[in-house]
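*Asks:* Dropping in entry.pdb, with PDB, C-alpha atoms.
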ATOM      1  CA  MET W   1      -1.666  37.036 -22.745
ATOM      2  CA  SER W   2      -3.204  33.962 -21.132
ATOM      3  CA  SER W   3      -5.806  34.396 -18.435
ATOM      4  CA  SER W   4      -5.100  34.120 -14.725
ATOM      5  CA  ILE W   5      -5.888  30.793 -13.107
ATOM      6  CA  ALA W   6      -7.371  32.177  -9.909
ATOM      7  CA  ALA W   7     -10.853  33.530  -9.325
ATOM      8  CA  PRO W   8     -10.897  37.277  -8.480
ATOM      9  CA  SER W   9     -11.657  36.867  -4.780
ATOM     10  CA  GLU W  10      -9.067  34.147  -4.326
ATOM     11  CA  SER W  11      -6.358  35.876  -6.332
ATOM     12  CA  ALA W  12      -6.898  39.099  -4.369
ATOM     13  CA  GLU W  13      -5.975  37.203  -1.222
ATOM     14  CA  LYS W  14      -3.060  35.376  -2.893
ATOM     15  CA  PRO W  15      -1.051  37.590  -5.267
ATOM     16  CA  TRP W  16       1.365  34.738  -5.957
ATOM     17  CA  LEU W  17      -1.532  32.669  -7.281
ATOM     18  CA  ARG W  18      -2.781  35.554  -9.428
ATOM     19  CA  SER W  19       0.654  35.746 -11.039
ATOM     20  CA  LEU W  20       0.281  32.268 -12.545
ATOM     21  CA  HIS W  21      -1.636  32.011 -15.796
ATOM     22  CA  ARG W  22      -4.019  29.245 -16.700
ATOM     23  CA  ASP W  23      -1.807  27.581 -19.301
ATOM     24  CA  GLU W  24       1.135  27.662 -16.899
ATOM     25  CA  MET W  25      -0.941  26.119 -14.158
ATOM     26  CA  GLU W  26      -2.102  23.347 -16.455
ATOM     27  CA  GLU W  27       1.502  22.571 -17.369
ATOM     28  CA  LEU W  28       2.598  22.632 -13.720
ATOM     29  CA  LEU W  29      -0.155  20.212 -12.704
ATOM     30  CA  GLU W  30       0.411  17.812 -15.603
ATOM     31  CA  LEU W  31       1.485  14.354 -14.451
ATOM     32  CA  GLN W  32       4.238  12.782 -16.522
ATOM     33  CA  ASP W  33       4.591   9.108 -15.678
ATOM     34  CA  TRP W  34       7.902   8.862 -17.524
ATOM     35  CA  HIS W  35       9.377  11.478 -15.211
ATOM     36  CA  SER W  36       8.347   9.532 -12.105
ATOM     37  CA  TRP W  37       9.861   6.397 -13.601
ATOM     38  CA  LEU W  38      13.060   8.368 -14.189
ATOM     39  CA  SER W  39      13.122   9.442 -10.533
ATOM     40  CA  LEU W  40      12.599   5.863  -9.368
ATOM     41  CA  LEU W  41      15.303   4.638 -11.728
ATOM     42  CA  ALA W  42      17.737   7.278 -10.497
ATOM     43  CA  ASP W  43      17.159   6.371  -6.834
ATOM     44  CA  TRP W  44      17.457   2.624  -7.297
ATOM     45  CA  SER W  45      20.407   2.994  -9.686
ATOM     46  CA  LEU W  46      22.365   4.995  -7.118
ATOM     47  CA  ILE W  47      21.509   2.396  -4.488
ATOM     48  CA  ALA W  48      22.692  -0.406  -6.800
ATOM     49  CA  ALA W  49      25.860   1.529  -7.638
ATOM     50  CA  SER W  50      26.601   1.935  -3.923
ATOM     51  CA  PHE W  51      26.291  -1.811  -3.379
ATOM     52  CA  ALA W  52      28.481  -2.458  -6.427
ATOM     53  CA  LEU W  53      31.115   0.014  -5.210
ATOM     54  CA  VAL W  54      31.547  -1.828  -1.926
ATOM     55  CA  ALA W  55      31.481  -5.223  -3.644
ATOM     56  CA  ARG W  56      34.243  -4.147  -6.018
ATOM     57  CA  TRP W  57      36.386  -2.167  -3.544
ATOM     58  CA  PRO W  58      35.503  -3.221   0.014
ATOM     59  CA  ASN W  59      37.182  -0.770   2.373
ATOM     60  CA  PRO W  60      36.081   1.708   5.065
ATOM     61  CA  LEU W  61      36.027   4.662   2.652
ATOM     62  CA  THR W  62      33.689   2.995   0.132
ATOM     63  CA  VAL W  63      31.472   1.709   2.939
ATOM     64  CA  VAL W  64      31.074   5.204   4.411
ATOM     65  CA  LEU W  65      30.403   6.713   0.984
ATOM     66  CA  ALA W  66      27.862   3.978   0.230
ATOM     67  CA  LEU W  67      26.079   4.552   3.537
ATOM     68  CA  PHE W  68      25.650   8.253   2.819
ATOM     69  CA  VAL W  69      24.463   7.686  -0.746
ATOM     70  CA  ILE W  70      22.058   4.930   0.313
ATOM     71  CA  GLY W  71      20.711   7.005   3.212
ATOM     72  CA  GLY W  72      20.041   9.878   0.838
ATOM     73  CA  ARG W  73      18.297   7.569  -1.623
ATOM     74  CA  GLN W  74      16.222   6.012   1.144
ATOM     75  CA  LEU W  75      14.986   9.528   1.741
ATOM     76  CA  GLY W  76      14.472   9.752  -2.025
ATOM     77  CA  LEU W  77      12.164   6.735  -1.900
ATOM     78  CA  ALA W  78      10.298   8.282   1.030
ATOM     79  CA  VAL W  79       9.924  11.467  -1.040
ATOM     80  CA  LEU W  80       8.345   9.451  -3.843
ATOM     81  CA  MET W  81       6.055   7.745  -1.321
ATOM     82  CA  HIS W  82       5.087  11.287  -0.338
ATOM     83  CA  GLU W  83       4.343  12.020  -4.008
ATOM     84  CA  ALA W  84       2.098   8.972  -4.110
ATOM     85  CA  ALA W  85       0.332  10.204  -0.962
ATOM     86  CA  HIS W  86      -0.599  13.324  -2.935
ATOM     87  CA  ARG W  87      -1.510  11.107  -5.915
ATOM     88  CA  THR W  88       1.106  12.837  -8.064
ATOM     89  CA  LEU W  89       3.427   9.889  -8.672
ATOM     90  CA  PHE W  90       1.449   8.161 -11.440
ATOM     91  CA  ARG W  91      -1.747   9.026 -13.279
ATOM     92  CA  ASN W  92      -3.464   5.722 -12.592
ATOM     93  CA  ARG W  93      -4.539   5.953  -8.958
ATOM     94  CA  ARG W  94      -4.423   2.225  -8.275
ATOM     95  CA  PHE W  95      -0.942   1.915  -9.744
ATOM     96  CA  ASN W  96       0.096   5.144  -7.969
ATOM     97  CA  ASP W  97      -0.711   3.552  -4.613
ATOM     98  CA  TRP W  98       0.823   0.183  -5.540
ATOM     99  CA  ALA W  99       4.099   1.755  -6.680
ATOM    100  CA  GLY W 100       4.107   4.179  -3.762
ATOM    101  CA  ASN W 101       4.120   1.225  -1.390
ATOM    102  CA  TRP W 102       6.030  -1.583  -3.097
ATOM    103  CA  LEU W 103       8.689   0.465  -4.893
ATOM    104  CA  CYS W 104       9.071   3.282  -2.355
ATOM    105  CA  ALA W 105       7.518   2.938   1.106
ATOM    106  CA  TYR W 106       7.887  -0.713   2.095
ATOM    107  CA  PRO W 107      11.656  -0.927   1.448
ATOM    108  CA  VAL W 108      12.207   1.926   3.952
ATOM    109  CA  TRP W 109       9.636   0.615   6.440
ATOM    110  CA  GLY W 110       6.879   2.996   5.487
ATOM    111  CA  ASP W 111       3.239   2.569   4.513
ATOM    112  CA  LEU W 112       1.483   4.908   2.124
ATOM    113  CA  HIS W 113      -2.080   4.607   3.369
ATOM    114  CA  PRO W 114      -1.712   5.614   7.035
ATOM    115  CA  TYR W 115       0.892   8.160   5.992
ATOM    116  CA  ARG W 116      -1.515   9.889   3.602
ATOM    117  CA  ALA W 117      -4.009  10.862   6.302
ATOM    118  CA  TYR W 118      -1.217  11.932   8.657
ATOM    119  CA  HIS W 119       0.495  14.052   6.024
ATOM    120  CA  LEU W 120      -2.600  15.807   4.720
ATOM    121  CA  GLN W 121      -3.270  16.981   8.264
ATOM    122  CA  HIS W 122       0.197  18.541   8.235
ATOM    123  CA  HIS W 123      -0.727  20.484   5.106
ATOM    124  CA  ALA W 124      -4.063  21.586   6.502
ATOM    125  CA  LYS W 125      -2.626  22.669   9.887
ATOM    126  CA  THR W 126       0.902  23.821   9.010
ATOM    127  CA  GLY W 127       2.555  25.685  11.866
ATOM    128  CA  THR W 128      -0.424  25.413  14.212
ATOM    129  CA  ALA W 129      -0.792  23.448  17.436
ATOM    130  CA  GLU W 130      -2.630  20.775  15.430
ATOM    131  CA  ASP W 131       0.253  20.242  13.008
ATOM    132  CA  PRO W 132       1.479  16.640  13.623
ATOM    133  CA  ASP W 133       4.990  17.646  12.502
ATOM    134  CA  LEU W 134       5.276  20.639  14.803
ATOM    135  CA  GLY W 135       7.606  18.880  17.227
ATOM    136  CA  LEU W 136      10.185  18.289  14.481
ATOM    137  CA  ALA W 137      10.976  21.962  13.987
ATOM    138  CA  ALA W 138       9.730  23.790  17.081
ATOM    139  CA  PRO W 139      12.877  23.309  19.246
ATOM    140  CA  PHE W 140      15.190  25.109  16.840
ATOM    141  CA  PRO W 141      17.468  26.985  16.992
ATOM    142  CA  VAL W 142      19.620  25.071  19.470
ATOM    143  CA  THR W 143      23.261  25.473  20.461
ATOM    144  CA  ARG W 144      26.067  24.082  18.319
ATOM    145  CA  ALA W 145      26.813  21.519  21.007
ATOM    146  CA  SER W 146      23.198  20.365  21.014
ATOM    147  CA  LEU W 147      23.156  19.970  17.237
ATOM    148  CA  ARG W 148      26.440  18.026  17.351
ATOM    149  CA  ARG W 149      24.904  15.657  19.905
ATOM    150  CA  LYS W 150      21.889  15.100  17.668
ATOM    151  CA  VAL W 151      24.107  14.362  14.674
ATOM    152  CA  PHE W 152      26.174  11.968  16.801
ATOM    153  CA  ARG W 153      23.036  10.128  17.915
ATOM    154  CA  ASP W 154      21.935   9.832  14.299
ATOM    155  CA  LEU W 155      25.228   8.552  12.916
ATOM    156  CA  THR W 156      25.768   6.070  15.755
ATOM    157  CA  GLY W 157      22.333   4.556  15.229
ATOM    158  CA  ARG W 158      20.722   5.620  18.489
ATOM    159  CA  THR W 159      18.015   7.632  16.731
ATOM    160  CA  GLY W 160      17.474   4.830  14.228
ATOM    161  CA  VAL W 161      17.053   2.170  16.897
ATOM    162  CA  LYS W 162      14.463   4.323  18.675
ATOM    163  CA  ARG W 163      12.671   4.848  15.364
ATOM    164  CA  ALA W 164      12.721   1.100  14.652
ATOM    165  CA  VAL W 165      11.211   0.298  18.048
ATOM    166  CA  ALA W 166       8.567   3.010  17.667
ATOM    167  CA  THR W 167       7.712   1.879  14.124
ATOM    168  CA  LEU W 168       7.432  -1.750  15.209
ATOM    169  CA  ARG W 169       5.156  -0.826  18.099
ATOM    170  CA  ARG W 170       3.050   1.313  15.786
ATOM    171  CA  ASP W 171       2.686  -1.433  13.179
ATOM    172  CA  LEU W 172       1.817  -4.038  15.786
ATOM    173  CA  GLY W 173      -0.817  -1.745  17.266
ATOM    174  CA  LEU W 174       0.987  -1.221  20.575
ATOM    175  CA  SER W 175       1.358   2.561  20.291
ATOM    176  CA  ARG W 176      -1.014   5.131  21.678
ATOM    177  CA  GLY W 177      -1.962   8.688  20.793
ATOM    178  CA  LYS W 178      -0.854  10.366  17.566
ATOM    179  CA  VAL W 179       1.484   7.570  16.486
ATOM    180  CA  ARG W 180      -1.225   4.916  16.309
ATOM    181  CA  ARG W 181      -2.124   3.418  12.952
ATOM    182  CA  ARG W 182      -5.713   4.258  12.170
ATOM    183  CA  ASP W 183      -6.059   1.058  10.146
ATOM    184  CA  GLY W 184      -5.247  -1.122  13.158
ATOM    185  CA  GLY W 185      -2.188  -3.137  14.080
ATOM    186  CA  GLY W 186      -0.879  -6.643  13.588
ATOM    187  CA  LEU W 187       1.770  -8.746  11.899
ATOM    188  CA  ALA W 188       0.111  -8.148   8.513
ATOM    189  CA  ASN W 189       1.434  -4.585   8.653
ATOM    190  CA  LEU W 190       4.977  -5.960   8.456
ATOM    191  CA  ARG W 191       4.344  -8.011   5.313
ATOM    192  CA  GLY W 192       5.423  -5.341   2.816
ATOM    193  CA  VAL W 193       8.646  -4.387   4.565
ATOM    194  CA  ALA W 194       9.513  -8.065   5.095
ATOM    195  CA  ILE W 195       8.940  -8.998   1.455
ATOM    196  CA  THR W 196      10.774  -6.044  -0.083
ATOM    197  CA  ASN W 197      13.756  -6.429   2.226
ATOM    198  CA  ALA W 198      13.840 -10.171   1.518
ATOM    199  CA  VAL W 199      13.990  -9.327  -2.176
ATOM    200  CA  LEU W 200      16.887  -6.933  -1.553
ATOM    201  CA  PHE W 201      18.729  -9.607   0.420
ATOM    202  CA  GLY W 202      17.982 -12.167  -2.276
ATOM    203  CA  LEU W 203      19.411  -9.954  -5.007
ATOM    204  CA  CYS W 204      22.605  -9.468  -2.991
ATOM    205  CA  ALA W 205      22.840 -13.219  -2.413
ATOM    206  CA  VAL W 206      22.281 -14.035  -6.095
ATOM    207  CA  ALA W 207      25.041 -11.555  -6.968
ATOM    208  CA  GLY W 208      27.330 -13.506  -4.645
ATOM    209  CA  PHE W 209      27.563 -10.888  -1.884
ATOM    210  CA  PRO W 210      24.815 -11.614   0.678
ATOM    211  CA  ALA W 211      26.580  -9.563   3.372
ATOM    212  CA  LEU W 212      26.140  -6.451   1.215
ATOM    213  CA  TYR W 213      22.498  -6.337   2.297
ATOM    214  CA  LEU W 214      23.704  -5.109   5.700
ATOM    215  CA  LEU W 215      24.403  -1.751   4.077
ATOM    216  CA  TRP W 216      20.646  -1.239   3.734
ATOM    217  CA  PRO W 217      19.609  -1.494   7.411
ATOM    218  CA  ALA W 218      22.865   0.169   8.464
ATOM    219  CA  ALA W 219      22.046   3.227   6.336
ATOM    220  CA  TRP W 220      18.427   3.213   7.556
ATOM    221  CA  LEU W 221      19.645   3.319  11.156
ATOM    222  CA  THR W 222      22.308   6.007  10.609
ATOM    223  CA  THR W 223      22.593   8.239   7.560
ATOM    224  CA  TYR W 224      18.874   8.082   6.773
ATOM    225  CA  SER W 225      18.202   9.368  10.284
ATOM    226  CA  LEU W 226      20.569  12.268   9.695
ATOM    227  CA  VAL W 227      19.158  13.351   6.334
ATOM    228  CA  MET W 228      15.616  13.092   7.698
ATOM    229  CA  ARG W 229      16.606  15.385  10.548
ATOM    230  CA  ILE W 230      18.255  17.920   8.235
ATOM    231  CA  ARG W 231      15.248  17.891   5.913
ATOM    232  CA  SER W 232      12.832  18.373   8.815
ATOM    233  CA  ILE W 233      14.814  21.301  10.187
ATOM    234  CA  ALA W 234      15.103  22.946   6.775
ATOM    235  CA  GLU W 235      11.434  22.689   5.849
ATOM    236  CA  HIS W 236       9.773  24.253   8.881
ATOM    237  CA  GLY W 237      12.455  25.162  11.414
ATOM    238  CA  MET W 238      13.244  28.784  12.302
ATOM    239  CA  VAL W 239      10.601  30.151   9.927
ATOM    240  CA  PRO W 240       9.799  33.890  10.101
ATOM    241  CA  ASP W 241       6.005  33.721  10.407
ATOM    242  CA  PRO W 242       3.993  30.519  11.047
ATOM    243  CA  ALA W 243       0.794  32.295   9.966
ATOM    244  CA  ASP W 244       2.091  33.406   6.545
ATOM    245  CA  GLU W 245       2.085  30.727   3.834
ATOM    246  CA  LEU W 246       5.116  32.328   2.170
ATOM    247  CA  ARG W 247       7.047  32.455   5.441
ATOM    248  CA  ASN W 248       6.038  29.307   7.367
ATOM    249  CA  THR W 249       7.770  26.864   5.018
ATOM    250  CA  ARG W 250      11.299  26.997   3.612
ATOM    251  CA  THR W 251      12.738  26.310   0.194
ATOM    252  CA  THR W 252      16.447  25.531   0.316
ATOM    253  CA  LEU W 253      18.363  26.205  -2.888
ATOM    254  CA  ALA W 254      20.520  23.093  -3.130
ATOM    255  CA  ARG W 255      23.842  22.572  -4.880
ATOM    256  CA  TRP W 256      24.456  19.385  -6.881
ATOM    257  CA  TRP W 257      26.122  17.545  -3.994
ATOM    258  CA  GLU W 258      23.293  18.501  -1.656
ATOM    259  CA  ARG W 259      20.804  17.036  -4.137
ATOM    260  CA  VAL W 260      22.807  13.806  -4.164
ATOM    261  CA  PHE W 261      23.165  13.348  -0.406
ATOM    262  CA  ILE W 262      20.458  15.448   1.293
ATOM    263  CA  ALA W 263      17.743  16.702  -1.078
ATOM    264  CA  PRO W 264      16.666  13.997  -3.555
ATOM    265  CA  ASN W 265      13.765  14.357  -5.962
ATOM    266  CA  ARG W 266      13.398  18.133  -5.520
ATOM    267  CA  VAL W 267      12.369  17.838  -1.885
ATOM    268  CA  ASN W 268      14.211  21.107  -1.238
ATOM    269  CA  TYR W 269      11.425  23.077  -2.981
ATOM    270  CA  HIS W 270       9.174  22.688   0.018
ATOM    271  CA  LEU W 271       7.654  26.178   0.043
ATOM    272  CA  GLU W 272       6.411  25.673  -3.509
ATOM    273  CA  HIS W 273       5.049  22.261  -2.554
ATOM    274  CA  HIS W 274       3.018  23.767   0.281
ATOM    275  CA  LEU W 275       1.688  26.526  -1.966
ATOM    276  CA  LEU W 276       0.466  24.032  -4.585
ATOM    277  CA  MET W 277       0.682  20.525  -3.155
ATOM    278  CA  THR W 278      -0.612  18.803  -6.310
ATOM    279  CA  VAL W 279       2.315  19.984  -8.435
ATOM    280  CA  PRO W 280       4.522  16.913  -9.017
ATOM    281  CA  HIS W 281       8.093  17.087  -7.775
ATOM    282  CA  TYR W 282       9.676  17.476 -11.230
ATOM    283  CA  HIS W 283       7.706  20.707 -11.883
ATOM    284  CA  LEU W 284       8.581  22.393  -8.592
ATOM    285  CA  PRO W 285      11.767  24.070  -9.907
ATOM    286  CA  ARG W 286       9.730  25.696 -12.689
ATOM    287  CA  LEU W 287       7.122  26.878 -10.190
ATOM    288  CA  HIS W 288       9.950  28.412  -8.145
ATOM    289  CA  ARG W 289      11.356  30.193 -11.212
ATOM    290  CA  LEU W 290       7.964  31.583 -12.224
ATOM    291  CA  LEU W 291       7.259  32.951  -8.755
ATOM    292  CA  ARG W 292      10.738  34.419  -8.448
ATOM    293  CA  GLN W 293      10.639  36.058 -11.885
ATOM    294  CA  ARG W 294       7.359  37.754 -10.956
ATOM    295  CA  GLY W 295       8.595  39.032  -7.626
ATOM    296  CA  GLN W 296       6.350  36.789  -5.552
ATOM    297  CA  LEU W 297       9.182  35.348  -3.441
ATOM    298  CA  GLU W 298      10.401  38.689  -2.104
ATOM    299  CA  GLY W 299      10.471  38.220   1.655
ATOM    300  CA  ALA W 300       9.565  34.520   1.345
ATOM    301  CA  CYS W 301      11.439  31.900   3.348
ATOM    302  CA  VAL W 302      14.149  30.876   0.868
ATOM    303  CA  THR W 303      17.650  29.911   2.023
ATOM    304  CA  GLN W 304      20.797  29.329  -0.018
ATOM    305  CA  GLY W 305      22.086  25.854   0.822
ATOM    306  CA  TYR W 306      21.776  23.417   3.717
ATOM    307  CA  PRO W 307      24.953  24.583   5.495
ATOM    308  CA  ALA W 308      23.242  27.969   5.951
ATOM    309  CA  VAL W 309      20.184  26.219   7.378
ATOM    310  CA  LEU W 310      22.317  24.272   9.847
ATOM    311  CA  ARG W 311      24.153  27.418  10.919
ATOM    312  CA  LEU W 312      20.783  28.988  11.628
ATOM    313  CA  ALA W 313      19.601  25.838  13.424
ATOM    314  CA  SER W 314      22.627  25.951  15.745
ATOM    315  CA  SER W 315      22.628  29.712  16.335
ATOM    316  CA  ARG W 316      21.312  29.766  19.923
ATOM    317  CA  PRO W 317      24.110  31.107  22.123
ATOM    318  CA  LYS W 318      25.486  28.820  24.776
ATOM    319  CA  GLY W 319      23.718  29.459  28.069
ATOM    320  CA  ALA W 320      20.673  31.066  26.449
ATOM    321  CA  ALA W 321      17.267  29.819  27.556
ATOM    322  CA  ALA W 322      16.197  26.690  25.702
ATOM    323  CA  SER W 323      12.910  26.481  23.855
ATOM    324  CA  GLN W 324       9.989  25.345  25.954
ATOM    325  CA  THR W 325       9.368  22.712  23.275
ATOM    326  CA  SER W 326      12.889  21.347  23.143
ATOM    327  CA  GLY W 327      11.917  18.003  24.633
ATOM    328  CA  PRO W 328       9.591  16.510  22.017
ATOM    329  CA  THR W 329      11.948  16.737  19.042
ATOM    330  CA  GLU W 330      13.506  13.269  19.472
ATOM    331  CA  THR W 331      10.128  11.679  20.083
ATOM    332  CA  ALA W 332       8.733  13.389  17.005
ATOM    333  CA  LEU W 333      11.654  12.302  14.843
ATOM    334  CA  THR W 334      11.572   8.677  15.949
ATOM    335  CA  GLN W 335       7.816   8.116  16.068
ATOM    336  CA  ARG W 336       6.531   9.946  12.997
ATOM    337  CA  PRO W 337       6.024   8.171   9.633
ATOM    338  CA  PRO W 338       9.311   7.876   7.698
ATOM    339  CA  PHE W 339       9.137  11.151   5.813
TER     340      PHE W 339
END
Go ahead and render the structure in this file as structure tokens.
*Replies:*
Amino acid sequence: MSSSIAAPSESAEKPWLRSLHRDEMEELLELQDWHSWLSLLADWSLIAASFALVARWPNPLTVVLALFVIGGRQLGLAVLMHEAAHRTLFRNRRFNDWAGNWLCAYPVWGDLHPYRAYHLQHHAKTGTAEDPDLGLAAPFPVTRASLRRKVFRDLTGRTGVKRAVATLRRDLGLSRGKVRRRDGGGLANLRGVAITNAVLFGLCAVAGFPALYLLWPAAWLTTYSLVMRIRSIAEHGMVPDPADELRNTRTTLARWWERVFIAPNRVNYHLEHHLLMTVPHYHLPRLHRLLRQRGQLEGACVTQGYPAVLRLASSRPKGAAASQTSGPTETALTQRPPF
């Protein structure tokens, strides 16, 4: 039998870590560039297929379907930017950061470098008052009517417009407090998003359908807002114990259609990601299986499917007292980095 990866004192405190053997850990931490390329190809291929679908059969049904697929894949690109923030996208660190920005972050109006510092604080302070993402999950559960209003705001673009204004102010250096860019503000911060979106428009124009580009910002303002909200609720909303690392973060076991529209690039295995944040996304399902097989996920925060998460998120009875933190959720969703 292979030896345990953890030192005695550390493994005594973390039985789940003691259950993983050294050879397994080495395999889980191994970066496979080809797998990241496959994830990038899958995201951009689905985006291209959505554009092609509307170009070939332009009607309301194909437009709606394309918007939901594109919104999900925009989240997919943000997930891969997140991988790059952990330096688990590509082995070469310089190329990791280049690809994380130009192939993932900039097209969805993100920026890897300020995001990295922000996100690592979330990992270090998960569930505490110093967690920068606390406002995303703290208000839940809400009533069904409240959740319906949030979904309506997302799909009508109201959330997206607020996020666009907040992101523009942040990039120009006009924001204050937690949403400020630590690297300063100015028009130079808009260069990447401008160039990558110009390329997208140019490709649509060369294909003979320049108006197709409108699907991209339309999805960013609507369906992307919705899937970001659902992901944020699922990951840290309504968790059993903010002080327990197995119970302050949720893994959502996703069906195939949920992986297409809501949970791209294994983002649903969020508990496993918080336990070992340097495991690349394509190894997270194996980490989940190993922990489950060895009984380490008994009592952990694992939910079967996103509909179950949303039922839990909207389980506050009508007329019950609202959370004291119910106000900041919209501000948190619109002003945080785009993942």
*Asks:* Distance atom CA of W:Ala308-atom CA of W:Leu40, one decimal place?
*Replies:*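 Interatomic distance here is 28.9 Å.
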*Asks:* Restricting the calculation to only C-alpha atoms: of W:Phe209, W:Trp256, W:Phe201, W:Phe140, which residue gets closest to W:His236?
*Replies:*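 Looking only at the distances to W:His236, the closest residue turns out to be W:Phe140.
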*Asks:* What is the atom CA of W:Ala52 to atom CA of W:Ala263 distance in Å?
*Replies:* 22.6 Å
*Asks:* Exactly which residues make up the result of the PyMOL selection byres ((chain W and resi 61-71) around 9) on this file, given as an MDAnalysis selection string?
*Replies:* chainID W and resid 43 46:51 53:54 57:60 72:76 215:216 218:227 260:262
*Asks:* Would you mind exporting the chosen residues as a JSON list (two decimals), in the coordinates of the input, restricted to C-alpha atoms?
*Replies:*
[["chain", "number", "residue", "atom", "x", "y", "z"],
["W", 43, "ASP", "CA", 17.16, 6.37, -6.83],
["W", 46, "LEU", "CA", 22.36, 5.00, -7.12],
["W", 47, "ILE", "CA", 21.51, 2.40, -4.49],
["W", 48, "ALA", "CA", 22.69, -0.41, -6.80],
["W", 49, "ALA", "CA", 25.86, 1.53, -7.64],
["W", 50, "SER", "CA", 26.60, 1.94, -3.92],
["W", 51, "PHE", "CA", 26.29, -1.81, -3.38],
["W", 53, "LEU", "CA", 31.12, 0.01, -5.21],
["W", 54, "VAL", "CA", 31.55, -1.83, -1.93],
["W", 57, "TRP", "CA", 36.39, -2.17, -3.54],
["W", 58, "PRO", "CA", 35.50, -3.22, 0.01],
["W", 59, "ASN", "CA", 37.18, -0.77, 2.37],
["W", 60, "PRO", "CA", 36.08, 1.71, 5.07],
["W", 72, "GLY", "CA", 20.04, 9.88, 0.84],
["W", 73, "ARG", "CA", 18.30, 7.57, -1.62],
["W", 74, "GLN", "CA", 16.22, 6.01, 1.14],
["W", 75, "LEU", "CA", 14.99, 9.53, 1.74],
["W", 76, "GLY", "CA", 14.47, 9.75, -2.02],
["W", 215, "LEU", "CA", 24.40, -1.75, 4.08],
["W", 216, "TRP", "CA", 20.65, -1.24, 3.73],
["W", 218, "ALA", "CA", 22.86, 0.17, 8.46],
["W", 219, "ALA", "CA", 22.05, 3.23, 6.34],
["W", 220, "TRP", "CA", 18.43, 3.21, 7.56],
["W", 221, "LEU", "CA", 19.64, 3.32, 11.16],
["W", 222, "THR", "CA", 22.31, 6.01, 10.61],
["W", 223, "THR", "CA", 22.59, 8.24, 7.56],
["W", 224, "TYR", "CA", 18.87, 8.08, 6.77],
["W", 225, "SER", "CA", 18.20, 9.37, 10.28],
["W", 226, "LEU", "CA", 20.57, 12.27, 9.70],
["W", 227, "VAL", "CA", 19.16, 13.35, 6.33],
["W", 260, "VAL", "CA", 22.81, 13.81, -4.16],
["W", 261, "PHE", "CA", 23.16, 13.35, -0.41],
["W", 262, "ILE", "CA", 20.46, 15.45, 1.29]]
*Asks:* Nearest to W:His21 among W:His281, W:Arg255, W:Arg294, W:Lys150, with distances taken over only C-alpha atoms: which residue is it?
*Replies:*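 Nearest candidate to W:His21 out of W:His281, W:Arg255, W:Arg294, W:Lys150: W:Arg294.
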*Asks:* Pick the closest to W:Leu253 from W:Met238, W:Leu89, W:Met277, W:Cys301: which is it, counting all atoms listed in the file?
*Replies:* W:Cys301
*Asks:* Which residues match the PyMOL selection byres ((chain W and resi 103-114) around 8) in the file above, as number ranges by chain?
*Replies:* W: 74, 77-78, 80-82, 84-85, 97-102, 115-118, 181-183, 192-193, 196-197, 220, 337-338
*Asks:* Let me make sure I understand: among W:Thr167, W:Thr159, W:Gln296, W:Gln32, which one has the smallest atom-to-atom distance to W:Pro15 if we use all atoms listed in the file?
*Replies:* W:Gln296
*Asks:* When you count all atoms listed in the file, which of these residues is closest to W:Leu174: W:Ala138, W:Leu187, W:Ala313, W:Ala234?
*Replies:* W:Leu187
*Asks:* Please measure the separation of atom CA of W:Pro242 and atom CA of W:Leu134, giving the value in Å to one decimal.
*Replies:*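 Interatomic distance, atom CA of W:Pro242 to atom CA of W:Leu134: 10.6 Å.
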*Asks:* Can you sort out the box for stretch 163-172 of chain W, edges along x, y and z, all listed atoms in, 6 Å on every side, with centre and edge lengths in Å to one decimal, as JSON?
*Replies:*
{"center_x": 7.3, "center_y": 0.4, "center_z": 15.6, "size_x": 22.9, "size_y": 20.9, "size_z": 16.9}
*Asks:* Report the residues retrieved by the PyMOL selection byres ((chain W and resi 186) around 10) from the displayed file, expressed as a PyMOL selection string.
*Replies:* chain W and resi 168-174+183-185+187-191
*Asks:* Of the residues W:Met228, W:Leu312, W:Leu31, W:Leu297, which is the one nearest to W:Thr251, using all atoms listed in the file?
*Replies:*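 Checking each of W:Met228, W:Leu312, W:Leu31, W:Leu297 against W:Thr251, counting all atoms listed in the file, the winner is W:Leu297.
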*Asks:* Select, counting all atoms listed in the file, all protein, DNA and RNA residues no farther than 12 Å from (3.0, 21.1, -16.4) in file coordinates, and express the selection as a CSV table (one decimal) with C-alpha atoms, in the coordinates of the input.
*Replies:*
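Contents of the output file out34.csv:
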chain,number,residue,atom,x,y,z
W,21,HIS,CA,-1.6,32.0,-15.8
W,22,ARG,CA,-4.0,29.2,-16.7
W,23,ASP,CA,-1.8,27.6,-19.3
W,24,GLU,CA,1.1,27.7,-16.9
W,25,MET,CA,-0.9,26.1,-14.2
W,26,GLU,CA,-2.1,23.3,-16.5
W,27,GLU,CA,1.5,22.6,-17.4
W,28,LEU,CA,2.6,22.6,-13.7
W,29,LEU,CA,-0.2,20.2,-12.7
W,30,GLU,CA,0.4,17.8,-15.6
W,31,LEU,CA,1.5,14.4,-14.5
W,32,GLN,CA,4.2,12.8,-16.5
W,35,HIS,CA,9.4,11.5,-15.2
W,88,THR,CA,1.1,12.8,-8.1
W,278,THR,CA,-0.6,18.8,-6.3
W,279,VAL,CA,2.3,20.0,-8.4
W,280,PRO,CA,4.5,16.9,-9.0
W,281,HIS,CA,8.1,17.1,-7.8
W,282,TYR,CA,9.7,17.5,-11.2
W,283,HIS,CA,7.7,20.7,-11.9
W,284,LEU,CA,8.6,22.4,-8.6
W,285,PRO,CA,11.8,24.1,-9.9
W,286,ARG,CA,9.7,25.7,-12.7
W,287,LEU,CA,7.1,26.9,-10.2
*Asks:* Residues near W:Asn268, anyone? I mean within 8 Å using only C-alpha atoms, not counting same-chain ones fewer than 2 positions away, as a PyMOL selection string.
*Replies:* chain W and resi 231+235+251-254+263-264+266+270
